[in-house]
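Undergrad: Below are the C-alpha cells for one structure; questions will follow.
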Amino acid sequence: MSNNTLKEIKQQPQVWEKVLHELQANQKEWLEFLKPLKNHKVIFTGAGTSEFIGNALVGYCRQHQLDAEAIASTDIVSAPTKYLLNKPTILVSFARSGNSPESVGAVDLANQFVDDIVHIIITCNKDGQLYQNGLKQVKTKMFLLPAEANDLGFAMTSSYSGMMLAAWGIVKLAQADFDIKKIDAELKNFSGLTNYLETEANKLSDLDFERIVYLGSGCNQAFAQESRLKLLELTQGQFPAFFDNTLAFRHGPKSILNEKTIVFMLVSASSYERKYDLDLIKELSQQKQIKKLIMLDALDENNLAKQGELVTLNGQLHEEIFIGLAYIYLLQIFAVNKSIQQGLNPDNPCPTGEVNRVVQGVVIYPYE
C-alpha cells in the first residue's frame with residue numbers, strides 16, 4: 001500500500017523552512033508590494049481545508065489590529081453579493097491544485113464586484129489554473145510553495161500547513177515582525193518534537209471508539225475543524241466526527257457525548273483562553289460520560305494529567321500558529337492510522353470516486 005500521506009505529514013518542517021526562508025530572501029519585494037495596502041481589508045479564502053487556513057489565521061491578524069476576515073470561496077461563489085463589499089480589499093486565495101472551480105470563481109467574482117481589488121495567491125501548483133491566471137492579472141502577487149508541498153495524497157497535509165505559514169510570514173512582514181532567527185529557533189524546536197508527537201499519535205490510535213469530538217478556543221477551533229475533516233476524509237466517514245468552540249459546545253452539541261466517545265481538547269496557551277478550556281476539561285472529567293478525554297497542551301501546568309490523557313509540548317513552542325500545527329501533526333498521523341485500521345488506503349480512501357482530490361462536478365454560473 002502506498003503511503004504518500006504519511007511521508008507528506010513528516011516532511012512538513014522541511015517544507016516550512018523552505019517557505020519561510022524564501023520569504024526572508026524576497027522580503028524587500030514583498031514589502032514594496034504590501035506598503036500601499038495598509039488600509040485594505042484582508043479576506044482569506046479557500047474551499048475545504050484551504051478555507052480552514054484562513055479560519056486559523058484571522059484571529060491572529062485581528063489580534064495585531066489588521067482588518068481581516070475569512071470567507072470560504074464556496075460562500076463567495078454561491079452568494080457573492082452577500083460577502084463581497086466594494087471597498088479596498090486584498091483577497092488572499094489558498095489552493096493546493098489551483099484547479100478547483102470555486103478557487104478560480106472567487107477571484108473572478110472579486111474582480112467583478114470590488115473596484116480596488118488586490119490579489120495574493122498562495123498555491124502549490126504552478127500548472128494550476130489559479131496560478132496561470134495570476135500570471136496574466138494586474139495587482140496580483142503570488143507565492144508558489146515547493147513542489148513537494150503539492151501533496152500526492154488525497155488529503156491536504158503539508159500543503160495546508162505550508163500555505164498557512166506562507167500567509168503567516170507575509171503578515172509578519174507587513175507588521176515588521178519577521179525575525180528569521182526566532183523563526184528558525186521555533187522550527188528547530190518543532191523538529192525536536194516530531195518523534196514524540198508520532199509516538200503519542202500511535203498510542204492514541206489504539207483507542208476503540210464510535211464517536212469523536214475535537215474542541216478548541218480561538219485559533220484552536222480552526223485547528224479542531226481541520227482535524228475533524230482529516231479523520232472524516234481518511235476514514236471515508238466511518239466515524240461520526242464533530243468539532244466546536246470550547247464554550248459553544250455546551251449549547252446543545254454536547255448532546256453527542258456517550259460512553260463510546262473520545263474527546264480531543266486542543267488547549268490554548270493563552271492565559272485567558274485556556275481558562276475556558278480548563279473549565280470544560282474539569283467538567284468532562286467529573287461527569288465521566290465519555291470513554292476518553294485527550295488533552296493536547298503546549299504547557300505542562302494545572303495538573304491536567306489527573307483529568308485524562310495528556311500530551312504536552314512542555315513549553316517548547318511559543319508561537320500560537322506553531323503550537324496549533326503541532327496539534328495538527330499528531331492528529332494527522334492519528335487519522336492516517338485510523339484509516340489503515342479500517343482497511344483503507346490513506347492516499348485514496350474513496351477509490352470509487354464519490355469524493356476526489358480535486359473537486360469535480362461543480363458548474364460556475366456567471367453573475368449577471
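Ligands are numbered from 1 in the order shown, residues from 1 within each chain, and chains are lettered A, B, ... in the order they appear in the C-alpha cells.
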Taking only stretch 23-60 of chain A into account, list the residues labelled strand (DSSP E or B) by DSSP (computed from the backbone), as a PyMOL selection string.
TA: chain A and resi 41-45
Undergrad: Apply DSSP to the backbone of this structure and, from stretch 176-361 of chain A, keep only the residues in helix (DSSP H, G or I); write these as JSON, numbers by chain.
TA: {"A": [180, 181, 182, 183, 184, 185, 186, 187, 188, 189, 190, 191, 192, 193, 194, 195, 196, 197, 198, 199, 200, 201, 202, 203, 204, 219, 220, 221, 222, 223, 224, 225, 226, 227, 228, 229, 230, 231, 232, 233, 234, 248, 249, 250, 253, 254, 255, 256, 273, 274, 275, 276, 277, 278, 279, 280, 281, 282, 283, 284, 285, 286, 287, 304, 305, 306, 320, 321, 322, 323, 324, 325, 326, 327, 328, 329, 330, 331, 332, 333, 334, 335, 336, 337, 338, 339, 340, 341]}
Undergrad: Please list as an MDAnalysis selection string every residue within 10 Å of stretch 109-112 of chain A, counting only C-alpha atoms and excluding residues in the same chain fewer than 5 positions away.
TA: chainID A and resid 76:77 80:81 83:86 89:91 104 117:119 366:367
Undergrad: Rank A:Glu186, A:Glu102, A:Glu29, A:Glu198 by their smallest atom-to-atom distance to A:Tyr327, using only C-alpha atoms, and report the top residue only.
TA: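 Looking only at the distances to A:Tyr327, the closest residue turns out to be A:Glu198.
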Undergrad: Using 12 Å as the limit and counting only C-alpha atoms, can you tabulate each residue of stretch 285-347 of chain A that touches stretch 176-184 of chain A, with its shortest atom-to-atom distance in Å and the two atoms involved, as a tab-separated table?
TA:
residue	atom	partner	partner_atom	distance
A:Leu317	CA	A:Ile183	CA	10.6
A:His318	CA	A:Lys182	CA	9.9
A:Glu319	CA	A:Ile183	CA	9.1
A:Ile321	CA	A:Ile183	CA	11.6
A:Phe322	CA	A:Ile183	CA	9.9
Undergrad: Those residues with N, CA and C atoms, as a compact mmCIF listing (two decimals), in the first residue's frame please?
TA:
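Dumped everything to again-v2.txt:
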# COMPACT_ATOMS: atom_id res chain seq x y z
N LEU A 317 7.32 25.25 22.29
CA LEU A 317 6.90 26.15 21.22
C LEU A 317 6.26 27.40 21.81
N HIS A 318 6.41 28.53 21.10
CA HIS A 318 5.95 29.80 21.65
C HIS A 318 4.96 30.53 20.74
N GLU A 319 5.04 30.29 19.45
CA GLU A 319 4.13 30.93 18.51
C GLU A 319 2.83 30.14 18.44
N ILE A 321 0.59 29.78 16.18
CA ILE A 321 0.37 29.02 14.96
C ILE A 321 1.19 27.72 14.98
N PHE A 322 2.42 27.78 15.45
CA PHE A 322 3.24 26.57 15.52
C PHE A 322 2.68 25.58 16.54
Undergrad: Enumerate, in order of chain and increasing residue number, the residues of stretch 199-301 of chain A with an atom no farther than 8 Å from stretch 150-171 of chain A, each with its shortest atom pair and distance in Å to one decimal, counting only C-alpha atoms, as CSV.
TA:
residue,atom,partner,partner_atom,distance
A:Lys230,CA,A:Ala155,CA,6.9
A:Glu233,CA,A:Ala155,CA,7.0
A:Leu234,CA,A:Ala155,CA,7.2
Undergrad: Just the number, please: distance in Å from atom CA of A:Lys136 to atom CA of A:Leu34, one decimal.
TA: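 Distance reported for this atom pair: 19.5 Å.
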